[in-house]
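What follows is start.cif (mmCIF, C-alpha atoms).
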data_query
#
loop_
_atom_site.label_atom_id
_atom_site.label_comp_id
_atom_site.auth_asym_id
_atom_site.auth_seq_id
_atom_site.Cartn_x
_atom_site.Cartn_y
_atom_site.Cartn_z
CA MET A 19 -31.34 -0.51 -106.13
CA GLU A 20 -32.44 -2.43 -109.20
CA GLY A 21 -29.73 -4.44 -110.92
CA ALA A 22 -27.32 -4.15 -108.00
CA GLU A 23 -25.52 -7.26 -106.92
CA SER A 24 -22.79 -8.20 -104.52
CA LYS A 25 -20.27 -10.89 -105.29
CA PHE A 26 -18.35 -13.17 -102.96
CA LYS A 27 -15.51 -15.06 -104.60
CA TRP A 28 -14.70 -18.27 -102.76
CA ALA A 29 -10.96 -18.89 -102.87
CA ARG A 30 -10.16 -22.37 -104.06
CA LEU A 31 -8.78 -24.74 -101.45
CA GLN A 32 -5.18 -25.87 -101.81
CA ALA A 33 -4.27 -29.56 -101.57
CA THR A 34 -2.86 -28.94 -98.09
CA ASP A 35 -6.20 -27.50 -96.97
CA VAL A 36 -8.00 -30.58 -98.24
CA ILE A 37 -5.89 -33.11 -96.33
CA ILE A 38 -6.12 -31.04 -93.14
CA LEU A 39 -9.90 -30.80 -93.36
CA ALA A 40 -10.10 -34.48 -94.30
CA ALA A 41 -8.03 -35.40 -91.22
CA LEU A 42 -10.32 -33.31 -88.99
CA ALA A 43 -13.35 -34.95 -90.58
CA LEU A 44 -11.86 -38.42 -90.10
CA PHE A 45 -10.97 -37.77 -86.45
CA THR A 46 -14.47 -36.41 -85.86
CA ALA A 47 -16.05 -39.47 -87.48
CA LEU A 48 -13.88 -41.80 -85.37
CA THR A 49 -14.86 -39.81 -82.28
CA LEU A 50 -18.55 -40.30 -83.02
CA ILE A 51 -18.20 -43.98 -83.99
CA PHE A 52 -16.16 -44.89 -80.90
CA CYS A 53 -17.81 -42.37 -78.56
CA GLN A 54 -18.31 -45.00 -75.84
CA ARG A 55 -14.53 -45.48 -75.63
CA ILE A 56 -13.62 -41.78 -75.62
CA GLN A 57 -13.97 -39.64 -72.54
CA GLY A 58 -15.28 -36.18 -73.42
CA TRP A 59 -16.09 -37.24 -76.97
CA GLY A 60 -18.68 -34.50 -77.47
CA GLY A 61 -16.27 -31.72 -76.61
CA LEU A 62 -13.60 -33.23 -78.86
CA ALA A 63 -15.99 -33.39 -81.82
CA LEU A 64 -17.06 -29.79 -81.30
CA LYS A 65 -13.45 -28.60 -81.04
CA ASN A 66 -12.62 -30.40 -84.29
CA LEU A 67 -15.46 -28.59 -86.05
CA ALA A 68 -14.46 -25.24 -84.54
CA VAL A 69 -10.85 -25.70 -85.64
CA ALA A 70 -12.01 -26.62 -89.15
CA ALA A 71 -14.19 -23.49 -89.37
CA ALA A 72 -11.40 -21.23 -88.06
CA TYR A 73 -8.90 -22.80 -90.44
CA VAL A 74 -11.12 -22.20 -93.47
CA ALA A 75 -11.71 -18.61 -92.39
CA PHE A 76 -7.95 -17.96 -92.19
CA GLN A 77 -7.44 -19.70 -95.53
CA GLN A 78 -9.96 -17.44 -97.21
CA VAL A 79 -8.39 -14.32 -95.71
CA ALA A 80 -4.86 -15.38 -96.68
CA ALA A 81 -5.97 -16.00 -100.27
CA ARG A 82 -7.07 -12.36 -100.58
CA VAL A 83 -3.93 -10.74 -99.17
CA ASN A 84 -1.48 -9.24 -101.67
CA SER A 85 1.41 -8.44 -99.31
CA ARG A 86 3.88 -11.31 -99.51
CA PRO A 87 5.08 -11.09 -95.88
CA PHE A 88 1.53 -10.79 -94.56
CA LYS A 89 0.33 -13.64 -96.79
CA PHE A 90 3.21 -15.78 -95.53
CA VAL A 91 2.29 -15.19 -91.88
CA LEU A 92 -1.43 -15.77 -92.47
CA ARG A 93 -0.63 -19.05 -94.22
CA LEU A 94 2.03 -20.24 -91.81
CA LEU A 95 0.27 -19.62 -88.48
CA PRO A 96 -3.04 -21.49 -89.02
CA LEU A 97 -1.23 -24.40 -90.68
CA THR A 98 1.26 -24.70 -87.84
CA LEU A 99 -1.40 -24.43 -85.15
CA THR A 100 -3.67 -26.92 -86.90
CA TYR A 101 -0.89 -29.49 -87.29
CA GLY A 102 -0.25 -29.07 -83.58
CA TYR A 103 -3.94 -29.43 -82.82
CA LEU A 104 -4.17 -32.67 -84.83
CA PHE A 105 -1.31 -34.08 -82.75
CA LEU A 106 -3.17 -33.20 -79.55
CA ALA A 107 -6.59 -34.29 -80.84
CA VAL A 108 -5.41 -37.81 -81.65
CA ASP A 109 -4.50 -38.34 -77.96
CA LYS A 110 -8.00 -39.52 -77.03
CA LEU A 111 -8.26 -41.71 -80.13
CA GLN A 112 -5.15 -43.79 -79.51
CA LEU A 113 -6.81 -46.72 -77.74
CA ILE A 114 -9.99 -47.04 -79.79
CA VAL A 115 -8.64 -50.04 -81.75
CA HIS A 116 -6.44 -52.03 -79.37
CA GLY A 117 -7.67 -50.76 -76.02
CA ARG A 118 -4.13 -50.66 -74.61
CA PHE A 119 -0.61 -49.45 -75.35
CA LEU A 120 1.68 -51.94 -77.11
CA ASP A 121 5.03 -50.97 -75.57
CA ASP A 122 5.68 -54.56 -74.55
CA VAL A 123 5.80 -55.57 -78.22
CA VAL A 124 8.34 -52.85 -79.06
CA ILE A 125 10.49 -53.53 -75.98
CA GLN A 126 10.64 -57.26 -76.70
CA ALA A 127 11.40 -56.72 -80.38
CA GLU A 128 14.25 -54.29 -79.67
CA ARG A 129 15.72 -56.56 -77.02
CA ALA A 130 15.62 -59.45 -79.48
CA LEU A 131 17.27 -57.32 -82.18
CA PHE A 132 19.87 -55.44 -80.13
CA GLY A 133 20.33 -57.73 -77.12
CA VAL A 134 19.61 -54.72 -74.87
CA GLN A 135 17.03 -51.98 -74.58
CA PRO A 136 18.84 -49.13 -76.40
CA THR A 137 17.40 -46.29 -74.33
CA LEU A 138 18.63 -48.00 -71.14
CA TRP A 139 21.98 -48.94 -72.67
CA LEU A 140 22.61 -45.29 -73.57
CA GLU A 141 22.70 -44.41 -69.86
CA LYS A 142 26.39 -45.36 -69.79
CA PHE A 143 27.10 -42.43 -72.16
CA THR A 144 24.83 -39.90 -70.47
CA ARG A 145 26.72 -36.73 -69.52
CA PRO A 146 25.39 -33.18 -68.94
CA ILE A 147 27.26 -31.72 -71.96
CA LEU A 148 26.05 -34.48 -74.29
CA THR A 149 22.53 -34.20 -72.89
CA GLU A 150 22.53 -30.45 -73.48
CA TRP A 151 23.60 -30.90 -77.12
CA MET A 152 20.97 -33.58 -77.70
CA MET A 153 18.27 -31.43 -76.16
CA PHE A 154 19.39 -28.48 -78.28
CA ALA A 155 19.05 -30.64 -81.41
CA TYR A 156 15.65 -31.88 -80.22
CA MET A 157 14.40 -28.34 -79.56
CA PHE A 158 15.84 -26.98 -82.83
CA TYR A 159 13.05 -28.87 -84.58
CA PHE A 160 10.57 -26.17 -83.55
CA PRO A 161 12.27 -23.08 -85.07
CA MET A 162 13.58 -25.11 -88.02
CA TYR A 163 10.05 -25.49 -89.36
CA PRO A 164 9.16 -21.76 -89.82
CA ILE A 165 12.72 -20.75 -90.72
CA LEU A 166 12.87 -23.26 -93.57
CA CYS A 167 9.35 -22.31 -94.62
CA ALA A 168 10.38 -18.65 -94.92
CA ILE A 169 13.49 -19.55 -96.91
CA ILE A 170 11.47 -21.66 -99.35
CA TYR A 171 8.75 -19.03 -99.75
CA PHE A 172 10.99 -16.03 -100.34
CA ARG A 173 13.58 -17.96 -102.33
CA SER A 174 11.47 -20.34 -104.44
CA GLY A 175 7.95 -18.94 -104.33
CA GLU A 176 4.46 -19.77 -103.12
CA GLU A 177 4.07 -23.02 -105.06
CA ALA A 178 7.25 -24.44 -103.52
CA MET A 179 6.02 -23.44 -100.08
CA GLU A 180 2.68 -25.16 -100.69
CA ASN A 181 4.49 -28.33 -101.75
CA TYR A 182 6.46 -28.16 -98.51
CA PHE A 183 3.30 -27.64 -96.46
CA PHE A 184 1.55 -30.52 -98.20
CA THR A 185 4.39 -32.99 -97.74
CA LEU A 186 4.82 -32.01 -94.10
CA GLY A 187 1.07 -32.23 -93.50
CA LEU A 188 0.81 -35.64 -95.16
CA THR A 189 3.70 -36.85 -93.01
CA ASN A 190 2.13 -35.56 -89.80
CA ILE A 191 -1.24 -37.11 -90.61
CA LEU A 192 0.35 -40.48 -91.40
CA CYS A 193 2.07 -40.31 -88.01
CA ASP A 194 -1.23 -39.45 -86.31
CA LEU A 195 -2.85 -42.50 -87.91
CA GLY A 196 0.08 -44.60 -86.72
CA PHE A 197 -0.65 -43.55 -83.14
CA ILE A 198 -4.12 -45.11 -83.52
CA LEU A 199 -3.12 -48.25 -85.42
CA PHE A 200 -0.17 -49.09 -83.17
CA PRO A 201 -0.41 -47.11 -79.89
CA VAL A 202 2.81 -46.90 -77.89
CA ALA A 203 3.06 -44.89 -74.67
CA GLY A 204 6.84 -44.30 -74.85
CA PRO A 205 9.87 -45.22 -72.73
CA MET A 206 9.28 -42.86 -69.82
CA THR A 207 5.71 -44.07 -69.35
CA ALA A 208 6.39 -47.77 -69.93
CA MET A 209 9.68 -48.17 -68.05
CA GLY A 210 10.52 -44.86 -66.42
CA GLY A 211 11.39 -46.60 -63.15
CA HIS A 212 14.22 -48.53 -64.82
CA TYR A 213 16.31 -45.43 -65.60
CA THR A 214 18.99 -44.77 -62.98
CA VAL A 215 20.95 -41.93 -64.62
CA PRO A 216 19.13 -38.57 -64.73
CA LEU A 217 19.18 -36.41 -67.86
CA ASP A 218 21.01 -33.49 -66.28
CA GLY A 219 21.88 -30.53 -68.46
CA TYR A 220 21.40 -26.81 -68.72
CA PHE A 221 19.09 -24.42 -70.58
CA PHE A 222 17.97 -26.60 -73.50
CA THR A 223 17.62 -29.61 -71.24
CA ALA A 224 15.18 -27.62 -69.11
CA LEU A 225 13.28 -26.62 -72.26
CA GLY A 226 13.16 -30.23 -73.43
CA GLU A 227 11.77 -31.38 -70.10
CA TRP A 228 9.17 -28.61 -70.23
CA VAL A 229 8.05 -29.87 -73.63
CA ARG A 230 7.83 -33.40 -72.24
CA THR A 231 5.65 -32.41 -69.30
CA SER A 232 3.58 -29.61 -70.86
CA LEU A 233 3.10 -30.36 -74.58
CA GLN A 234 3.31 -34.13 -74.82
CA TYR A 235 1.21 -37.01 -73.52
CA PRO A 236 1.59 -40.79 -73.11
CA GLY A 237 1.55 -42.02 -76.69
CA GLY A 238 2.04 -40.05 -79.88
CA THR A 239 5.16 -42.11 -80.26
CA ILE A 240 5.29 -44.43 -83.23
CA PRO A 241 6.15 -43.31 -85.86
CA SER A 242 8.21 -40.49 -84.34
CA PRO A 243 6.73 -37.22 -85.66
CA HIS A 244 9.96 -35.46 -84.70
CA CYS A 245 12.06 -37.71 -86.93
CA ALA A 246 9.44 -37.77 -89.68
CA ALA A 247 9.02 -34.01 -89.92
CA ALA A 248 12.76 -33.37 -89.60
CA THR A 249 13.36 -35.72 -92.54
CA VAL A 250 10.88 -33.77 -94.66
CA MET A 251 12.49 -30.46 -93.69
CA TRP A 252 15.96 -31.76 -94.46
CA THR A 253 14.82 -33.07 -97.84
CA MET A 254 13.24 -29.71 -98.68
CA ALA A 255 16.47 -27.95 -97.70
CA PHE A 256 18.28 -30.22 -100.18
CA ARG A 257 15.87 -29.17 -102.93
CA HIS A 258 15.79 -25.46 -102.27
CA HIS A 259 18.96 -24.46 -100.41
CA ARG A 260 21.78 -27.00 -100.80
CA ARG A 261 24.17 -25.14 -98.50
CA LEU A 262 21.56 -25.12 -95.72
CA PHE A 263 21.15 -28.87 -96.21
CA TRP A 264 24.79 -29.42 -95.29
CA TRP A 265 24.62 -26.99 -92.39
CA LEU A 266 21.68 -28.97 -91.02
CA LEU A 267 23.47 -32.32 -91.35
CA PRO A 268 24.87 -32.54 -87.77
CA LEU A 269 21.70 -31.08 -86.28
CA VAL A 270 19.29 -33.45 -88.01
CA LEU A 271 21.41 -36.52 -87.31
CA SER A 272 21.69 -35.45 -83.67
CA LEU A 273 17.94 -34.84 -83.60
CA TYR A 274 17.33 -38.43 -84.69
CA ILE A 275 19.50 -39.72 -81.85
CA SER A 276 18.08 -37.24 -79.35
CA THR A 277 14.61 -38.75 -79.63
CA PHE A 278 15.71 -42.00 -77.97
CA TYR A 279 18.70 -40.60 -76.04
CA GLY A 280 16.24 -38.19 -74.39
CA ARG A 281 13.79 -41.07 -73.74
CA TYR A 282 11.02 -39.51 -75.80
CA HIS A 283 10.96 -42.47 -78.18
CA TYR A 284 12.24 -45.97 -78.78
CA VAL A 285 14.75 -46.58 -81.57
CA SER A 286 11.94 -48.24 -83.53
CA ASP A 287 9.93 -45.02 -83.41
CA ALA A 288 12.78 -43.03 -84.92
CA VAL A 289 13.37 -45.53 -87.72
CA LEU A 290 9.69 -45.74 -88.58
CA GLY A 291 9.41 -41.95 -88.41
CA ILE A 292 12.12 -41.59 -91.04
CA ALA A 293 10.49 -44.33 -93.14
CA THR A 294 7.10 -42.60 -92.91
CA ALA A 295 8.63 -39.35 -94.15
CA LEU A 296 10.25 -41.12 -97.10
CA VAL A 297 6.90 -42.64 -98.05
CA ALA A 298 5.21 -39.23 -97.81
CA ILE A 299 7.97 -37.59 -99.88
CA LYS A 300 7.43 -40.14 -102.64
CA LEU A 301 3.64 -40.03 -102.42
CA ALA A 302 3.19 -36.24 -102.18
CA PRO A 303 4.08 -35.38 -105.82
CA VAL A 304 1.63 -38.00 -107.09
CA LEU A 305 -1.18 -36.60 -104.97
CA LEU A 306 -0.31 -33.01 -105.86
CA ARG A 307 -0.36 -33.80 -109.58
CA ALA A 308 -3.75 -35.47 -109.18
CA TRP A 309 -5.10 -32.44 -107.32
CA SER A 310 -3.69 -30.00 -109.89
CA TYR A 311 -5.18 -32.01 -112.77
CA ARG A 312 -8.56 -32.09 -111.03
CA GLY A 313 -8.58 -28.32 -110.52
CA ILE A 314 -7.19 -27.01 -113.82
CA SER A 315 -10.49 -25.51 -114.96
CA ALA A 316 -11.70 -24.55 -111.48
CA SER A 317 -8.52 -22.61 -110.68
CA SER A 318 -9.28 -20.07 -113.39
CA GLN A 319 -13.00 -19.90 -112.60
CA PRO A 320 -13.55 -19.11 -108.91
CA VAL A 321 -16.97 -19.77 -107.46
CA VAL A 322 -19.13 -16.64 -107.57
CA CYS A 323 -22.13 -16.31 -105.27
CA LYS A 324 -24.51 -13.66 -106.53
CA ILE A 325 -26.87 -12.04 -104.08
CA CYS A 326 -29.49 -9.97 -105.86
CA PRO A 327 -31.90 -7.85 -103.85
CA ALA A 328 -35.60 -8.32 -104.52
CA ASP A 329 -37.22 -5.94 -106.98
CA GLU A 330 -39.04 -3.07 -105.33
CA ASN A 331 -42.76 -2.95 -105.86
#

In structure tokens, what does this structure look like?
Amino acid sequence: MEGAESKFKWARLQATDVIILAALALFTALTLIFCQRIQGWGGLALKNLAVAAAYVAFQQVAARVNSRPFKFVLRLLPLTLTYGYLFLAVDKLQLIVHGRFLDDVVIQAERALFGVQPTLWLEKFTRPILTEWMMFAYMFYFPMYPILCAIIYFRSGEEAMENYFFTLGLTNILCDLGFILFPVAGPMTAMGGHYTVPLDGYFFTALGEWVRTSLQYPGGTIPSPHCAAATVMWTMAFRHHRRLFWWLLPLVLSLYISTFYGRYHYVSDAVLGIATALVAIKLAPVLLRAWSYRGISASSQPVVCKICPADEN
């Protein structure tokens, strides 16, 4: 039909989308550059591209949804899964720079600082009840992320939620880069044979051990992403729900301790995880302002692709 046209409006990417896609692009580039050091490099590169394509597709769908609950779910799920994927994808990239894990450096530094290896010293306090509480705090990290996200979204709005997503994403990506720049396998891998007191507990202890064996790998240790992300969440609770901030106080502090009590991390990992989060919290507003300034005109003028059928003869 003459004069007919169909329009596709491309939803503008948010700042969070940009850093996620940039991280996937960077990991793919590193995979190709260091392919000789990475087993299964071709499959990893293809998976990165597939995840990027799926993420953009979900982002475009979410941008067109009007229902607030449905929009929340469509935004939360792909972001959460992609952050998790980035953590898993960096596994094969950890040794491309140094070629080995650097646990010996951390162990020697902590012994010089503390006079003991803290994760071994804590064995004298290990009891099933304490272990269960620590594992509960460690596992609470997982539901705390979506619960806090929902509170921010429905209490403070979409922009506040996007700021939360961006800061959390920036923190996670900085941690992922840390795994490459300073690869550390972790206490259980480096000195598991030195522990003489088992981490006996109950339900949450079993869950924590399942996470260790099923969702984690040697490395992914320094900075501690658990401590880093928990610090961001706690800070966002302070901004958006002060009462929740105080309720989370014992849990977050226990979570910090649980990372090295539970032998997931060294003390250094936890400290550097908190420091990484504080850097990201300071840096995020600067980056968000720069992104907003860059897109002031584009935000009100979405890209329009016009497809006009050929004139009939």

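When atom CA of Gly237 of chain A is paired with atom CA of Val202 of chain A, their separation reads 5.2 Å.
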
Go through A:Tyr235, A:Trp265, A:Tyr220, A:Phe184 and flag the residue nearest Trp151 of chain A, using only C-alpha atoms for the distances.
-> A:Tyr220

Please identify all polymer residues within 8 Å of segment 124-132 of chain A, counting all atoms listed in the file, omitting same-chain residues fewer than 6 positions from it, and present them as a PyMOL selection string.
-> chain A and resi 284-286

Please build the interface table for segment 212-270 of chain A against segment 178-183 of chain A with a cut-off of 9 Å, listing for each qualifying residue the nearest atom pair and the distance in Å to one decimal; count all atoms listed in the file, order rows by chain and increasing number, and write it as JSON lines.
{"residue": "A:Val250", "atom": "CA", "partner": "A:Tyr182", "partner_atom": "CA", "distance": 8.1}
{"residue": "A:Met251", "atom": "CA", "partner": "A:Tyr182", "partner_atom": "CA", "distance": 8.1}
{"residue": "A:Met254", "atom": "CA", "partner": "A:Tyr182", "partner_atom": "CA", "distance": 7.0}
{"residue": "A:His258", "atom": "CA", "partner": "A:Ala178", "partner_atom": "CA", "distance": 8.7}

Go ahead and save the picked residues with C-alpha atoms, as a compact mmCIF listing (two decimals), keeping the file's coordinate frame.
# COMPACT_ATOMS: atom_id res chain seq x y z
CA VAL A 250 10.88 -33.77 -94.66
CA MET A 251 12.49 -30.46 -93.69
CA MET A 254 13.24 -29.71 -98.68
CA HIS A 258 15.79 -25.46 -102.27

Have a look at atom CA of Gln32 of chain A and atom CA of Gly175 of chain A and let me know their distance in Å, one decimal.
->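 Atom CA of Gly175 of chain A lies 15.1 Å from atom CA of Gln32 of chain A.
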
Skipping near chain neighbours, those fewer than 6 positions away, what residues fall within 9 Å of segment 95-110 of chain A using all atoms listed in the file, listed as a PyMOL selection string?
-> chain A and resi 34-35+38+41-42+45+49+55-59+62+65-66+69-70+72-73+76-77+163-164+183+187+190-191+193-195+197-198+233-238

Mind pulling up the distance from atom CA of Leu296 of chain A to atom CA of Arg281 of chain A?
->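 Pair atom CA of Arg281 of chain A / atom CA of Leu296 of chain A returns 23.6 Å.
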
Find the residues with any atom within 8 Å of (16.5, -28.5, -73.7); use all atoms listed in the file and the coordinates as given in the file, and write the answer as a list in words.
->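 Final list of nearby residues, as requested, is Glu150, Met152, Met153, Phe154, Tyr156, Met157, Gly219, Tyr220, Phe221, Phe222, Thr223, Ala224, Leu225, Gly226 and Glu227 of chain A.
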
Taking the file as shown, find all residues satisfying the PyMOL selection byres ((chain A and resi 146) around 8) and write them as a PyMOL selection string.
-> chain A and resi 144-145+147-150+217-220

Have a look at A:Thr231, A:Phe52, A:Phe90, A:Met206 and name the one nearest to Cys167 of chain A; count all atoms listed in the file.
-> A:Phe90

For Pro241 of chain A, list every protein, DNA or RNA residue within 7 Å, evaluated using only C-alpha atoms, and leave out those in the same chain fewer than 6 positions away; present the list as a list of chain:residue names.
-> A:Cys193, A:Gly196, A:Asp287, A:Ala288, A:Leu290, A:Gly291

Pick the closest to Val36 of chain A from A:Ala63, A:Arg173, A:Leu188, A:Thr249: which is it, counting only C-alpha atoms?
->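 Nearest candidate to Val36 of chain A out of A:Ala63, A:Arg173, A:Leu188, A:Thr249: A:Leu188.
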
Please supply segment 262-279 of chain A, rebuilt with N, CA and C atoms, as a PDB file, in the frame of the given file.
ATOM      1  N   LEU A 262      22.265 -24.933 -96.989  1.00  0.00           N
ATOM      2  CA  LEU A 262      21.560 -25.120 -95.720  1.00  0.00           C
ATOM      3  C   LEU A 262      21.422 -26.603 -95.406  1.00  0.00           C
ATOM      4  N   PHE A 263      21.232 -27.423 -96.415  1.00  0.00           N
ATOM      5  CA  PHE A 263      21.150 -28.870 -96.210  1.00  0.00           C
ATOM      6  C   PHE A 263      22.384 -29.387 -95.485  1.00  0.00           C
ATOM      7  N   TRP A 264      23.555 -28.945 -95.918  1.00  0.00           N
ATOM      8  CA  TRP A 264      24.790 -29.420 -95.290  1.00  0.00           C
ATOM      9  C   TRP A 264      24.990 -28.819 -93.906  1.00  0.00           C
ATOM     10  N   TRP A 265      24.553 -27.582 -93.731  1.00  0.00           N
ATOM     11  CA  TRP A 265      24.620 -26.990 -92.390  1.00  0.00           C
ATOM     12  C   TRP A 265      23.739 -27.754 -91.398  1.00  0.00           C
ATOM     13  N   LEU A 266      22.609 -28.256 -91.888  1.00  0.00           N
ATOM     14  CA  LEU A 266      21.680 -28.970 -91.020  1.00  0.00           C
ATOM     15  C   LEU A 266      22.095 -30.410 -90.734  1.00  0.00           C
ATOM     16  N   LEU A 267      23.073 -30.919 -91.476  1.00  0.00           N
ATOM     17  CA  LEU A 267      23.470 -32.320 -91.350  1.00  0.00           C
ATOM     18  C   LEU A 267      23.729 -32.741 -89.900  1.00  0.00           C
ATOM     19  N   PRO A 268      24.627 -32.086 -89.152  1.00  0.00           N
ATOM     20  CA  PRO A 268      24.870 -32.540 -87.770  1.00  0.00           C
ATOM     21  C   PRO A 268      23.663 -32.362 -86.866  1.00  0.00           C
ATOM     22  N   LEU A 269      22.875 -31.324 -87.123  1.00  0.00           N
ATOM     23  CA  LEU A 269      21.700 -31.080 -86.280  1.00  0.00           C
ATOM     24  C   LEU A 269      20.626 -32.147 -86.492  1.00  0.00           C
ATOM     25  N   VAL A 270      20.349 -32.476 -87.736  1.00  0.00           N
ATOM     26  CA  VAL A 270      19.290 -33.450 -88.010  1.00  0.00           C
ATOM     27  C   VAL A 270      19.708 -34.847 -87.536  1.00  0.00           C
ATOM     28  N   LEU A 271      20.945 -35.226 -87.787  1.00  0.00           N
ATOM     29  CA  LEU A 271      21.410 -36.520 -87.310  1.00  0.00           C
ATOM     30  C   LEU A 271      21.368 -36.593 -85.783  1.00  0.00           C
ATOM     31  N   SER A 272      21.764 -35.501 -85.139  1.00  0.00           N
ATOM     32  CA  SER A 272      21.690 -35.450 -83.670  1.00  0.00           C
ATOM     33  C   SER A 272      20.240 -35.481 -83.202  1.00  0.00           C
ATOM     34  N   LEU A 273      19.356 -34.820 -83.963  1.00  0.00           N
ATOM     35  CA  LEU A 273      17.940 -34.840 -83.600  1.00  0.00           C
ATOM     36  C   LEU A 273      17.393 -36.264 -83.624  1.00  0.00           C
ATOM     37  N   TYR A 274      17.767 -37.035 -84.647  1.00  0.00           N
ATOM     38  CA  TYR A 274      17.330 -38.430 -84.690  1.00  0.00           C
ATOM     39  C   TYR A 274      17.728 -39.160 -83.406  1.00  0.00           C
ATOM     40  N   ILE A 275      18.991 -39.020 -83.033  1.00  0.00           N
ATOM     41  CA  ILE A 275      19.500 -39.720 -81.850  1.00  0.00           C
ATOM     42  C   ILE A 275      18.860 -39.178 -80.577  1.00  0.00           C
ATOM     43  N   SER A 276      18.616 -37.866 -80.557  1.00  0.00           N
ATOM     44  CA  SER A 276      18.080 -37.240 -79.350  1.00  0.00           C
ATOM     45  C   SER A 276      16.714 -37.794 -78.963  1.00  0.00           C
ATOM     46  N   THR A 277      15.950 -38.273 -79.954  1.00  0.00           N
ATOM     47  CA  THR A 277      14.610 -38.750 -79.630  1.00  0.00           C
ATOM     48  C   THR A 277      14.636 -39.960 -78.715  1.00  0.00           C
ATOM     49  N   PHE A 278      15.631 -40.855 -78.895  1.00  0.00           N
ATOM     50  CA  PHE A 278      15.710 -42.000 -77.970  1.00  0.00           C
ATOM     51  C   PHE A 278      16.761 -41.799 -76.885  1.00  0.00           C
ATOM     52  N   TYR A 279      17.787 -40.963 -77.124  1.00  0.00           N
ATOM     53  CA  TYR A 279      18.700 -40.600 -76.040  1.00  0.00           C
ATOM     54  C   TYR A 279      17.926 -39.871 -74.943  1.00  0.00           C
TER      55      TYR A 279
END
